[in-house]
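S.K.: Input target_28.tsv, format and content: TSV, C-alpha atoms and all ligand atoms.
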```tsv
chain	number	residue	atom	x	y	z
A	1	MET	CA	2.66	-13.75	-0.96
A	2	ASP	CA	0.00	-12.25	-3.15
A	3	ILE	CA	1.76	-10.28	-5.91
A	4	LYS	CA	-0.77	-8.82	-8.36
A	5	GLU	CA	-0.06	-7.78	-11.94
A	6	ASN	CA	-0.89	-4.61	-13.91
A	7	ILE	CA	-2.49	-2.68	-11.08
A	8	SER	CA	-3.58	0.95	-11.52
A	9	LEU	CA	-1.95	3.20	-8.92
A	10	LYS	CA	-4.64	5.90	-9.27
A	11	LYS	CA	-6.12	5.28	-5.84
A	12	TYR	CA	-2.68	4.95	-4.22
A	13	ASN	CA	-1.44	8.47	-5.03
A	14	THR	CA	-3.23	11.63	-3.90
A	15	PHE	CA	-2.60	13.31	-7.28
A	16	GLY	CA	-4.87	10.60	-8.72
A	17	ILE	CA	-2.45	9.87	-11.58
A	18	SER	CA	-3.34	6.73	-13.43
A	19	ALA	CA	0.06	5.07	-13.80
A	20	PHE	CA	0.35	1.28	-13.62
A	21	ALA	CA	2.43	-1.09	-11.54
A	22	LYS	CA	3.70	-4.11	-13.43
A	23	ARG	CA	3.74	-6.03	-10.12
A	24	PHE	CA	2.10	-4.85	-6.91
A	25	ILE	CA	1.84	-6.10	-3.36
A	26	SER	CA	0.33	-4.60	-0.23
A	27	ILE	CA	2.10	-5.64	2.97
A	28	ASP	CA	0.90	-5.36	6.56
A	29	SER	CA	3.95	-6.57	8.49
A	30	VAL	CA	7.64	-5.80	8.69
A	31	TYR	CA	8.33	-9.54	8.46
A	32	GLN	CA	6.57	-9.70	5.06
A	33	LEU	CA	8.64	-6.74	3.93
A	34	GLN	CA	11.88	-8.44	4.97
A	35	GLN	CA	10.91	-11.61	3.12
A	36	LEU	CA	10.17	-9.63	-0.06
A	37	LEU	CA	13.47	-7.78	0.15
A	38	LYS	CA	15.37	-11.08	0.24
A	39	ILE	CA	14.37	-11.74	-3.36
A	40	ASN	CA	13.62	-8.23	-4.70
A	41	LYS	CA	16.27	-5.53	-4.36
A	42	GLU	CA	14.69	-3.27	-6.94
A	43	VAL	CA	11.50	-2.09	-5.30
A	44	PHE	CA	9.27	0.98	-5.47
A	45	LEU	CA	7.52	1.98	-2.29
A	46	ILE	CA	4.18	3.61	-1.96
A	47	SER	CA	2.64	4.57	1.34
A	48	GLY	CA	0.10	7.39	1.54
A	49	GLY	CA	1.21	8.46	-1.97
A	50	SER	CA	0.79	12.08	-0.93
A	51	ASN	CA	4.15	13.49	-1.95
A	52	MET	CA	4.78	11.97	-5.36
A	53	LEU	CA	4.07	12.71	-8.99
A	54	LEU	CA	4.06	9.58	-11.14
A	55	THR	CA	5.09	10.41	-14.71
A	56	LYS	CA	5.37	6.82	-15.94
A	57	ASN	CA	4.39	3.22	-15.24
A	58	ILE	CA	6.46	1.43	-12.61
A	59	GLU	CA	8.48	-1.56	-13.78
A	60	LYS	CA	9.89	-2.43	-10.34
A	61	LEU	CA	7.87	-4.38	-7.77
A	62	VAL	CA	5.57	-1.82	-6.09
A	63	ILE	CA	5.26	-2.40	-2.34
A	64	HIS	CA	2.34	-0.69	-0.67
A	65	ILE	CA	3.16	-0.17	2.99
A	66	ASN	CA	0.02	-0.90	4.98
A	67	THR	CA	1.43	-1.70	8.43
A	68	LYS	CA	-0.94	-0.48	11.14
A	69	GLY	CA	-0.67	-0.02	14.88
A	70	ILE	CA	-0.02	2.55	17.58
A	71	SER	CA	1.64	1.51	20.84
A	72	ILE	CA	2.31	3.40	24.03
A	73	ASP	CA	5.93	2.71	25.03
A	74	LYS	CA	6.15	4.75	28.19
A	75	GLU	CA	4.15	7.26	30.19
A	76	GLU	CA	5.52	9.94	32.48
A	77	GLU	CA	3.76	12.62	34.45
A	78	GLU	CA	4.00	15.10	31.57
A	79	PHE	CA	4.86	13.06	28.50
A	80	VAL	CA	3.78	10.02	26.56
A	81	TYR	CA	6.08	8.06	24.21
A	82	LEU	CA	4.48	6.33	21.25
A	83	THR	CA	5.58	4.07	18.42
A	84	VAL	CA	3.43	4.28	15.32
A	85	ASN	CA	3.66	1.95	12.36
A	86	SER	CA	4.27	3.49	8.96
A	87	GLY	CA	0.96	2.66	7.30
A	88	GLU	CA	-1.18	4.57	9.82
A	89	ASN	CA	-2.95	7.51	8.20
A	90	TRP	CA	-1.38	10.75	9.45
A	91	HIS	CA	-4.59	12.72	10.04
A	92	ASP	CA	-6.31	9.80	11.80
A	93	PHE	CA	-3.26	9.59	14.08
A	94	VAL	CA	-3.47	13.33	14.82
A	95	LEU	CA	-7.18	13.03	15.64
A	96	TRP	CA	-6.52	10.06	17.92
A	97	CYS	CA	-3.80	12.04	19.77
A	98	VAL	CA	-6.15	14.99	20.18
A	99	SER	CA	-8.86	12.68	21.55
A	100	GLN	CA	-6.34	11.26	24.10
A	101	ASN	CA	-5.23	14.81	25.00
A	102	TYR	CA	-1.71	14.14	23.68
A	103	GLY	CA	-0.27	17.45	22.48
A	104	GLY	CA	2.31	18.47	19.89
A	105	ILE	CA	0.93	17.63	16.45
A	106	GLU	CA	-2.52	19.27	16.51
A	107	ASN	CA	-1.29	22.01	14.13
A	108	LEU	CA	-0.49	19.26	11.63
A	109	SER	CA	-4.13	18.21	11.29
A	110	LEU	CA	-5.44	17.24	7.85
A	111	ILE	CA	-2.03	16.82	6.21
A	112	PRO	CA	-2.48	14.02	3.68
A	113	GLY	CA	-0.25	10.95	3.79
A	114	ASN	CA	0.86	8.35	6.29
A	115	VAL	CA	2.90	8.42	9.49
A	116	GLY	CA	5.82	6.57	7.89
A	117	THR	CA	6.49	9.28	5.34
A	118	SER	CA	6.04	12.23	7.71
A	119	PRO	CA	9.77	12.35	8.63
A	120	ILE	CA	10.97	12.18	5.01
A	121	GLN	CA	10.02	15.75	4.13
A	122	ASN	CA	9.58	16.79	7.78
A	123	ILE	CA	5.93	17.75	7.27
A	124	GLY	CA	5.04	21.13	8.68
A	125	ALA	CA	2.22	23.63	8.91
A	126	TYR	CA	1.05	26.59	10.99
A	127	GLY	CA	4.29	27.05	12.92
A	128	VAL	CA	4.95	23.37	13.76
A	129	GLU	CA	7.14	20.74	12.11
A	130	VAL	CA	6.91	17.02	12.84
A	131	LYS	CA	10.62	16.96	13.80
A	132	ASP	CA	9.68	18.75	17.04
A	133	THR	CA	7.95	15.60	18.32
A	134	ILE	CA	9.93	12.74	16.72
A	135	THR	CA	12.21	10.78	19.05
A	136	ARG	CA	13.35	8.13	16.57
A	137	VAL	CA	12.65	6.58	13.19
A	138	GLU	CA	12.97	2.88	12.46
A	139	GLY	CA	13.47	1.26	9.11
A	140	ILE	CA	14.86	-1.57	7.06
A	141	GLU	CA	18.02	-1.18	5.03
A	142	ILE	CA	17.09	-2.35	1.55
A	143	ALA	CA	20.54	-3.73	0.68
A	144	THR	CA	20.88	-5.92	3.77
A	145	GLY	CA	17.33	-6.33	5.13
A	146	LYS	CA	18.64	-5.23	8.54
A	147	LEU	CA	16.58	-3.16	10.96
A	148	VAL	CA	18.05	0.30	11.55
A	149	THR	CA	17.18	3.04	14.05
A	150	PHE	CA	17.75	6.76	13.58
A	151	SER	CA	17.66	9.25	16.44
A	152	ASN	CA	16.08	12.65	15.86
A	153	GLU	CA	19.58	14.10	15.34
A	154	ASP	CA	20.56	11.36	12.89
A	155	CYS	CA	17.65	12.38	10.68
A	156	LYS	CA	19.20	15.87	10.08
A	157	PHE	CA	15.80	17.48	9.78
A	158	GLY	CA	15.46	20.79	7.95
A	159	TYR	CA	12.68	22.75	6.25
A	160	ARG	CA	10.85	20.03	4.26
A	161	ASN	CA	14.05	18.03	4.41
A	162	SER	CA	15.87	15.09	6.09
A	163	ILE	CA	18.53	12.48	5.30
A	164	PHE	CA	15.77	10.36	3.81
A	165	LYS	CA	15.58	12.86	0.92
A	166	ASN	CA	19.35	12.99	0.59
A	167	THR	CA	22.06	10.50	1.64
A	168	HIS	CA	19.55	7.78	2.54
A	169	LYS	CA	17.16	8.29	-0.37
A	170	GLY	CA	16.09	4.91	-1.74
A	171	LYS	CA	18.25	3.06	0.79
A	172	VAL	CA	15.89	2.52	3.72
A	173	ILE	CA	12.22	1.76	4.12
A	174	LEU	CA	10.80	3.51	7.15
A	175	THR	CA	8.75	1.10	9.23
A	176	SER	CA	7.79	3.09	12.33
A	177	VAL	CA	8.15	6.49	13.96
A	178	GLY	CA	8.58	7.25	17.67
A	179	PHE	CA	6.93	10.33	19.13
A	180	LYS	CA	7.15	12.21	22.43
A	181	LEU	CA	3.96	14.14	23.09
A	182	THR	CA	2.73	16.18	26.03
A	183	LYS	CA	0.03	14.98	28.45
A	184	LYS	CA	-0.24	18.31	30.21
A	185	ASN	CA	1.28	21.80	30.06
A	186	HIS	CA	0.83	21.60	26.29
A	187	LYS	CA	2.96	24.04	24.30
A	188	LEU	CA	0.20	25.39	22.11
A	189	ASN	CA	1.26	27.19	18.98
A	190	THR	CA	-1.35	29.71	17.98
A	191	SER	CA	1.08	32.32	16.70
A	192	TYR	CA	0.21	31.69	13.07
A	193	GLY	CA	-2.08	34.57	12.10
A	194	ALA	CA	-4.88	32.54	10.60
A	195	ILE	CA	-5.18	30.32	13.72
A	196	GLU	CA	-5.47	33.34	16.00
A	197	THR	CA	-8.13	34.88	13.77
A	198	GLU	CA	-10.06	31.61	13.67
A	199	LEU	CA	-9.98	31.23	17.48
A	200	ILE	CA	-11.01	34.86	18.04
A	201	SER	CA	-13.91	34.46	15.61
A	202	LYS	CA	-15.09	31.55	17.77
A	203	LYS	CA	-14.50	33.55	20.97
A	204	ILE	CA	-12.04	30.93	22.26
A	205	THR	CA	-9.54	32.43	24.70
A	206	THR	CA	-8.04	29.31	26.30
A	207	PRO	CA	-7.92	26.83	23.43
A	208	SER	CA	-7.79	23.06	23.87
A	209	LEU	CA	-5.90	20.74	21.51
A	210	LYS	CA	-9.24	20.04	19.85
A	211	ASN	CA	-9.94	23.77	19.34
A	212	ILE	CA	-6.58	24.16	17.58
A	213	SER	CA	-7.03	21.05	15.48
A	214	ASP	CA	-10.52	22.25	14.48
A	215	ALA	CA	-9.15	25.71	13.61
A	216	VAL	CA	-6.41	24.20	11.41
A	217	ILE	CA	-8.94	21.91	9.70
A	218	SER	CA	-11.18	24.84	8.99
A	219	ILE	CA	-8.33	26.99	7.60
A	220	ARG	CA	-7.00	24.18	5.44
A	221	ASN	CA	-10.49	23.43	4.12
A	222	THR	CA	-10.91	26.99	2.89
A	223	LYS	CA	-7.50	27.13	1.15
A	224	LEU	CA	-6.36	23.68	0.21
A	225	PRO	CA	-8.15	21.21	-2.07
A	226	ASP	CA	-9.21	17.87	-0.57
A	227	PRO	CA	-7.33	15.16	-2.51
A	228	LYS	CA	-10.47	13.00	-2.35
A	229	GLU	CA	-12.19	15.63	-4.50
A	230	ILE	CA	-9.37	17.14	-6.59
A	231	GLY	CA	-6.08	15.31	-7.00
A	232	ASN	CA	-3.12	17.18	-5.52
A	233	SER	CA	-0.01	16.77	-3.46
A	234	GLY	CA	-0.14	19.83	-1.23
A	235	SER	CA	2.54	22.44	-1.81
A	236	PHE	CA	4.23	21.57	-5.08
A	237	PHE	CA	7.17	23.93	-4.52
A	238	LYS	CA	9.19	24.87	-1.45
A	239	ASN	CA	9.08	28.46	-0.29
A	240	PRO	CA	12.37	29.84	-1.66
A	241	VAL	CA	15.04	31.42	0.51
A	242	ILE	CA	16.75	34.37	-1.20
A	243	ALA	CA	19.50	36.88	-0.35
A	244	ILE	CA	18.36	40.02	1.47
A	245	HIS	CA	19.76	42.32	-1.24
A	246	HIS	CA	17.73	40.43	-3.84
A	247	PHE	CA	14.64	40.73	-1.64
A	248	LEU	CA	15.14	44.49	-1.25
A	249	GLN	CA	15.26	44.88	-5.02
A	250	LEU	CA	12.00	42.92	-5.35
A	251	LYS	CA	10.40	44.91	-2.54
A	252	LYS	CA	11.07	48.17	-4.40
A	253	GLU	CA	9.04	46.92	-7.32
A	254	TYR	CA	6.47	44.94	-5.28
A	255	PRO	CA	6.08	46.70	-1.90
A	256	SER	CA	3.50	44.14	-0.69
A	257	ILE	CA	5.70	41.05	-1.16
A	258	PRO	CA	5.29	38.85	1.94
A	259	SER	CA	8.43	37.53	3.67
A	260	TYR	CA	9.66	35.56	6.68
A	261	PRO	CA	13.06	36.40	8.21
A	262	ILE	CA	15.60	33.55	8.22
A	263	SER	CA	18.95	35.15	9.06
A	264	ASP	CA	20.83	38.44	8.64
A	265	THR	CA	21.58	37.59	5.06
A	266	GLU	CA	18.61	35.53	3.90
A	267	ILE	CA	14.84	35.75	3.78
A	268	LYS	CA	12.08	33.31	2.84
A	269	ILE	CA	9.32	34.34	0.44
A	270	PRO	CA	6.11	32.45	-0.32
A	271	ALA	CA	6.22	30.55	-3.60
A	272	GLY	CA	2.42	30.87	-3.76
A	273	TRP	CA	2.75	34.65	-4.02
A	274	LEU	CA	5.31	34.34	-6.86
A	275	VAL	CA	3.10	31.91	-8.78
A	276	GLU	CA	0.10	34.18	-8.32
A	277	LYS	CA	2.09	37.19	-9.56
A	278	ILE	CA	3.03	35.46	-12.83
A	279	GLY	CA	-0.70	35.06	-13.39
A	280	PHE	CA	-0.99	31.29	-12.93
A	281	LYS	CA	-3.35	31.13	-9.94
A	282	GLY	CA	-6.50	29.27	-11.00
A	283	LYS	CA	-5.15	28.56	-14.51
A	284	ARG	CA	-6.10	25.28	-16.12
A	285	PHE	CA	-4.54	23.45	-19.06
A	286	GLY	CA	-6.70	20.43	-19.84
A	287	ASP	CA	-7.01	18.59	-16.55
A	288	ALA	CA	-3.77	20.00	-15.09
A	289	GLY	CA	-4.07	23.24	-13.17
A	290	VAL	CA	-3.08	25.60	-10.40
A	291	HIS	CA	-5.49	25.74	-7.47
A	292	ASN	CA	-7.61	28.91	-7.44
A	293	LYS	CA	-7.24	29.56	-3.70
A	294	GLN	CA	-3.58	28.60	-3.15
A	295	ALA	CA	-1.22	29.00	-6.10
A	296	LEU	CA	1.39	26.76	-4.49
A	297	VAL	CA	-0.80	23.72	-5.10
A	298	LEU	CA	-0.96	22.07	-8.52
A	299	VAL	CA	-4.07	20.01	-9.17
A	300	ASN	CA	-5.36	17.17	-11.31
A	301	TYR	CA	-8.98	17.85	-12.25
A	302	GLY	CA	-9.46	14.21	-13.25
A	303	ASN	CA	-7.42	12.70	-16.02
A	304	ALA	CA	-4.22	14.74	-16.19
A	305	SER	CA	-1.09	12.67	-16.71
A	306	GLY	CA	1.93	13.09	-14.49
A	307	VAL	CA	3.81	14.46	-17.49
A	308	GLU	CA	1.19	17.18	-18.01
A	309	ILE	CA	1.41	18.26	-14.36
A	310	TYR	CA	5.22	18.20	-14.55
A	311	GLU	CA	5.20	20.29	-17.74
A	312	LEU	CA	3.02	22.85	-16.00
A	313	ALA	CA	5.42	22.92	-13.06
A	314	LYS	CA	8.38	23.47	-15.39
A	315	LYS	CA	6.55	26.33	-17.13
A	316	ILE	CA	5.86	27.93	-13.74
A	317	LYS	CA	9.50	27.56	-12.69
A	318	GLU	CA	10.66	29.14	-15.95
A	319	GLU	CA	8.29	32.12	-15.70
A	320	VAL	CA	9.11	32.76	-12.02
A	321	LEU	CA	12.81	32.67	-12.88
A	322	ASN	CA	12.35	35.10	-15.77
A	323	LYS	CA	10.21	37.55	-13.83
A	324	PHE	CA	11.78	37.45	-10.36
A	325	LYS	CA	15.18	35.75	-10.88
A	326	VAL	CA	14.10	33.27	-8.19
A	327	ALA	CA	14.67	29.53	-8.74
A	328	LEU	CA	11.73	27.54	-7.39
A	329	GLU	CA	12.54	24.11	-6.00
A	330	ILE	CA	10.00	21.32	-6.45
A	331	GLU	CA	8.97	19.80	-3.12
A	332	VAL	CA	7.08	16.80	-4.47
A	333	ASN	CA	9.02	13.66	-5.41
A	334	ILE	CA	8.91	13.41	-9.22
A	335	ILE	CA	8.96	9.79	-10.40
A	336	GLU	CA	10.46	9.82	-13.92
B	1	LIG	N1	0.05	33.68	-1.02
B	1	LIG	C1	-0.33	34.37	-2.13
B	1	LIG	N2	-0.99	33.70	-3.12
B	1	LIG	C2	-1.28	32.37	-3.03
B	1	LIG	C3	-0.88	31.66	-1.88
B	1	LIG	C4	-0.20	32.34	-0.87
B	1	LIG	O1	-0.08	35.58	-2.25
B	1	LIG	O2	-1.90	31.84	-3.96
B	1	LIG	C5	0.68	34.40	0.09
B	1	LIG	C6	-0.32	34.57	1.24
B	1	LIG	O3	-1.08	35.72	1.09
B	1	LIG	C7	0.58	34.66	2.45
B	1	LIG	C8	1.75	33.79	2.06
B	1	LIG	O4	1.72	33.63	0.64
B	1	LIG	O5	1.04	35.98	2.61
B	1	LIG	C9	1.79	32.46	2.76
B	1	LIG	O6	0.64	31.70	2.43
B	1	LIG	P1	0.12	30.48	3.34
B	1	LIG	O7	-0.09	30.94	4.71
B	1	LIG	O8	-1.02	29.85	2.63
B	1	LIG	O9	1.34	29.48	3.44
B	1	LIG	P2	2.40	28.98	2.36
B	1	LIG	O10	3.73	29.56	2.70
B	1	LIG	O11	1.90	29.20	0.97
B	1	LIG	C10	3.18	26.95	3.79
B	1	LIG	C11	3.38	25.46	3.63
B	1	LIG	C12	2.05	24.73	3.69
B	1	LIG	C13	1.41	25.00	5.03
B	1	LIG	C14	1.24	26.52	5.19
B	1	LIG	C15	0.75	26.91	6.57
B	1	LIG	C16	5.39	25.21	2.27
B	1	LIG	C17	5.96	24.82	0.96
B	1	LIG	N3	4.05	25.18	2.37
B	1	LIG	O12	2.44	27.40	2.67
B	1	LIG	O13	2.34	23.33	3.62
B	1	LIG	O14	0.15	24.37	5.13
B	1	LIG	O15	2.53	27.20	5.02
B	1	LIG	O16	1.76	26.67	7.52
B	1	LIG	O17	6.15	25.53	3.19
B	1	LIG	C18	2.50	21.44	2.20
B	1	LIG	O18	3.70	21.39	2.48
B	1	LIG	O19	1.98	20.60	1.42
B	1	LIG	C19	1.66	22.51	2.72
B	1	LIG	C20	0.39	22.67	2.36
```
Since I need it in another form, could you write the structure as structure tokens?

M.R.:
Amino acid sequence: MDIKENISLKKYNTFGISAFAKRFISIDSVYQLQQLLKINKEVFLISGGSNMLLTKNIEKLVIHINTKGISIDKEEEEFVYLTVNSGENWHDFVLWCVSQNYGGIENLSLIPGNVGTSPIQNIGAYGVEVKDTITRVEGIEIATGKLVTFSNEDCKFGYRNSIFKNTHKGKVILTSVGFKLTKKNHKLNTSYGAIETELISKKITTPSLKNISDAVISIRNTKLPDPKEIGNSGSFFKNPVIAIHHFLQLKKEYPSIPSYPISDTEIKIPAGWLVEKIGFKGKRFGDAGVHNKQALVLVNYGNASGVEIYELAKKIKEEVLNKFKVALEIEVNIIE
């Protein structure tokens, strides 16, 4: 197998951080992966590279997961069941589903990354999370090389969370994801304000999957930086959940603070609002910065190092904690 040495990972991570892999291999089959795992137990995986911040060079063998393929497992009157290999680009997969009139993930258009990492942080946007369509996740256990299957329940999905970020972190390599999508009677989710506004502005009253996908693409393009132009990893922080009494105190001082109800005792507030209120929206320190249209997104204007971006994130966390007594949690996987 073709293991290369001293390879720059700049083009393999959407932050565009120029860290190096001591040894690097791109694989396009599960068999190749199993063979590699027989002799290398210490491996570092990279797939779409859209949810990581590299703060150092990687000493372990870097395996780039490039397994492609979408297969239709079963069709019913209303549903289609698909298996998609990990290395498929997420957005291309969404567009393909929309073109086939398969419904369920159109709201997740334009999310960077690959299919195989979508379950790890349970990607979500505009009222939909990928967990709503996942039937199973398949992977290889690193320690044994055995194939393992997880049902939707096994994955213990939560808001930007799953077992693959917790108990199973670093223990399995996800090789494919199974989806159940609708062929008719699509459950369209247009409840998210910006989608409704976008559809109304286009005078669309009975939207198709394509209309919704287009609306999401257009909203994302106005707010979120394209990683091909400015390095970024989407939302850098999770939206924090705080106690209602804490929220009421904040609301007294900041009557316009946005919020989303969670339970009788807790409420979610947008991290982007908090970061904007500490004055960091659009700020730039060398090539590390905070996006000027969405303060939840940290950006690399070109040659920022992972450490510089991480330092900026720590500064933001500290200032948000001081001003609002809210602890921000980093969503992106920090490699240190
Ligand atoms: N807001 C500000 N200032 C900002 C950004 C946001 O005040 O700079 C306020 C907005 O005015 C709005 C609220 O925060 O009232 C929410 O903003 P937005 O609709 O942009 O969504 P978000 O909560 O900031 C989340 C996801 C995004 C997803 C959008 C849409 C998280 C961590 N982020 O962002 O996901 O696209 O909702 O569903 O939950 C990602 O995970 O990478 C990502 C981009």

S.K.: Write out as a JSON list (two decimals) with C-alpha atoms, in the frame of the given file each polymer residue whose atoms come within 12 Å of Val172 in chain A, counting only C-alpha atoms; drop sequence neighbours fewer than 4 positions from it.

M.R.:
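Result file around39.json:
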```
[["chain", "number", "residue", "atom", "x", "y", "z"],
["A", 33, "LEU", "CA", 8.64, -6.74, 3.93],
["A", 34, "GLN", "CA", 11.88, -8.44, 4.97],
["A", 37, "LEU", "CA", 13.47, -7.78, 0.15],
["A", 41, "LYS", "CA", 16.27, -5.53, -4.36],
["A", 43, "VAL", "CA", 11.50, -2.09, -5.30],
["A", 44, "PHE", "CA", 9.27, 0.98, -5.47],
["A", 45, "LEU", "CA", 7.52, 1.98, -2.29],
["A", 116, "GLY", "CA", 5.82, 6.57, 7.89],
["A", 117, "THR", "CA", 6.49, 9.28, 5.34],
["A", 120, "ILE", "CA", 10.97, 12.18, 5.01],
["A", 137, "VAL", "CA", 12.65, 6.58, 13.19],
["A", 138, "GLU", "CA", 12.97, 2.88, 12.46],
["A", 139, "GLY", "CA", 13.47, 1.26, 9.11],
["A", 140, "ILE", "CA", 14.86, -1.57, 7.06],
["A", 141, "GLU", "CA", 18.02, -1.18, 5.03],
["A", 142, "ILE", "CA", 17.09, -2.35, 1.55],
["A", 143, "ALA", "CA", 20.54, -3.73, 0.68],
["A", 144, "THR", "CA", 20.88, -5.92, 3.77],
["A", 145, "GLY", "CA", 17.33, -6.33, 5.13],
["A", 146, "LYS", "CA", 18.64, -5.23, 8.54],
["A", 147, "LEU", "CA", 16.58, -3.16, 10.96],
["A", 148, "VAL", "CA", 18.05, 0.30, 11.55],
["A", 149, "THR", "CA", 17.18, 3.04, 14.05],
["A", 150, "PHE", "CA", 17.75, 6.76, 13.58],
["A", 163, "ILE", "CA", 18.53, 12.48, 5.30],
["A", 164, "PHE", "CA", 15.77, 10.36, 3.81],
["A", 165, "LYS", "CA", 15.58, 12.86, 0.92],
["A", 166, "ASN", "CA", 19.35, 12.99, 0.59],
["A", 167, "THR", "CA", 22.06, 10.50, 1.64],
["A", 168, "HIS", "CA", 19.55, 7.78, 2.54],
["A", 176, "SER", "CA", 7.79, 3.09, 12.33]]
```

S.K.: Name all residues at most 7 Å from range 191-201 of chain A (count all atoms listed in the file; drop same-chain ones fewer than 6 positions away) and give them as a PyMOL selection string.

M.R.: chain A and resi 126-127+215-216

S.K.: Skip Phe324 in chain A itself and residues of its chain fewer than 6 positions away, then list as a list in words all residues within 10 Å of it, counting all atoms listed in the file.

M.R.: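 My list of contacting residues is His246, Phe247, Gln249, Leu250, Leu274, Lys277 and Ile278 of chain A.
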
S.K.: Write to file, as a compact mmCIF listing (two decimals), in the coordinates of the input, the residues of the selection just made, with C-alpha atoms.

M.R.:
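Full text of again_34.txt as output:
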```txt
# COMPACT_ATOMS: atom_id res chain seq x y z
CA HIS A 246 17.73 40.43 -3.84
CA PHE A 247 14.64 40.73 -1.64
CA GLN A 249 15.26 44.88 -5.02
CA LEU A 250 12.00 42.92 -5.35
CA LEU A 274 5.31 34.34 -6.86
CA LYS A 277 2.09 37.19 -9.56
CA ILE A 278 3.03 35.46 -12.83
```

S.K.: Take CA of Gly124 in chain A and CA of Tyr12 in chain A and report the distance between them in Å, one decimal.

M.R.: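 That distance, rounded to one decimal, is 22.1 Å.
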
S.K.: With distances taken over only C-alpha atoms and all ligand atoms, which residue among A:Ser218, A:Ser18, A:Asn303, A:Asn107 lies nearest ligand LIG 1 (chain B)?

M.R.: A:Asn107

S.K.: Any residue with an atom at most 8 Å from ligand LIG 1 (chain B) counts, using only C-alpha atoms and all ligand atoms. Which are they? Put them as JSON, numbers by chain.

M.R.: {"A": [111, 123, 124, 125, 126, 127, 128, 159, 160, 192, 194, 220, 223, 224, 233, 234, 235, 236, 237, 238, 239, 257, 258, 259, 269, 270, 271, 272, 273, 274, 275, 276, 277, 281, 291, 292, 293, 294, 295, 296, 297, 331]}

S.K.: Using only C-alpha atoms, give me every residue within 12 Å of (-6.6, 14.2, -12.7) in file coordinates, as a PyMOL selection string.

M.R.: chain A and resi 10-11+13-19+53-54+227-233+284-289+298-309

S.K.: To one decimal place in Å, what is the distance between CA of Leu95 in chain A and CA of Ile27 in chain A?

M.R.: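 Distance reported for this atom pair: 24.4 Å.
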
S.K.: The residues within 7 Å of (3.0, 4.7, 20.7), using all atoms listed in the file and the coordinates of the file, should be reported as an MDAnalysis selection string; which are they?

M.R.: chainID A and resid 70:73 81:84 178

S.K.: With a cut-off of 12 Å, could you pull out the residues of range 30-94 of chain A touching range 204-213 of chain A and give me the nearest pair of atoms for each, distance in Å to one decimal, using all atoms listed in the file, ordered by chain and ascending number, as a Markdown table?

M.R.:
```
| residue | atom | partner | partner_atom | distance |
| --- | --- | --- | --- | --- |
| A:His91 | CA | A:Ser213 | CA | 10.2 |
| A:Asp92 | CA | A:Ser213 | CA | 11.9 |
| A:Val94 | CA | A:Ser213 | CA | 8.5 |
```

S.K.: Expressed in Å to a single decimal, how great is the separation between CA of Ser50 in chain A and CA of Phe280 in chain A?

M.R.: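 Straight-line distance from CA of Ser50 in chain A to CA of Phe280 in chain A works out to 22.7 Å.
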
S.K.: Which residues are close to Ile134 in chain A, i.e. within 10 Å by only C-alpha atoms, leaving aside same-chain residues fewer than 6 positions away? Reply as a tab-separated table (two decimals) with C-alpha atoms, in the coordinates of the input.

M.R.:
```tsv
chain	number	residue	atom	x	y	z
A	81	TYR	CA	6.08	8.06	24.21
A	82	LEU	CA	4.48	6.33	21.25
A	83	THR	CA	5.58	4.07	18.42
A	118	SER	CA	6.04	12.23	7.71
A	119	PRO	CA	9.77	12.35	8.63
A	122	ASN	CA	9.58	16.79	7.78
A	151	SER	CA	17.66	9.25	16.44
A	152	ASN	CA	16.08	12.65	15.86
A	153	GLU	CA	19.58	14.10	15.34
A	155	CYS	CA	17.65	12.38	10.68
A	177	VAL	CA	8.15	6.49	13.96
A	178	GLY	CA	8.58	7.25	17.67
A	179	PHE	CA	6.93	10.33	19.13
A	180	LYS	CA	7.15	12.21	22.43
A	181	LEU	CA	3.96	14.14	23.09
```

S.K.: I'd like the neighbourhood of Met52 in chain A as a PDB file with C-alpha atoms, in the frame of the given file, where a residue qualifies if any of its atoms comes within 7 Å (using all atoms listed in the file), though same-chain residues fewer than 5 positions away should be ignored.

M.R.:
```
ATOM      1  CA  VAL A 332       7.080  16.800  -4.470  1.00  0.00           C
ATOM      2  CA  ASN A 333       9.020  13.660  -5.410  1.00  0.00           C
ATOM      3  CA  ILE A 334       8.910  13.410  -9.220  1.00  0.00           C
ATOM      4  CA  ILE A 335       8.960   9.790 -10.400  1.00  0.00           C
TER       5      ILE A 335
END
```

S.K.: Looking at all atoms listed in the file, which of A:Ser99, A:Ser8, A:Asn85, A:Gln35 is the one that sits closest to Val62 in chain A?

M.R.: A:Ser8
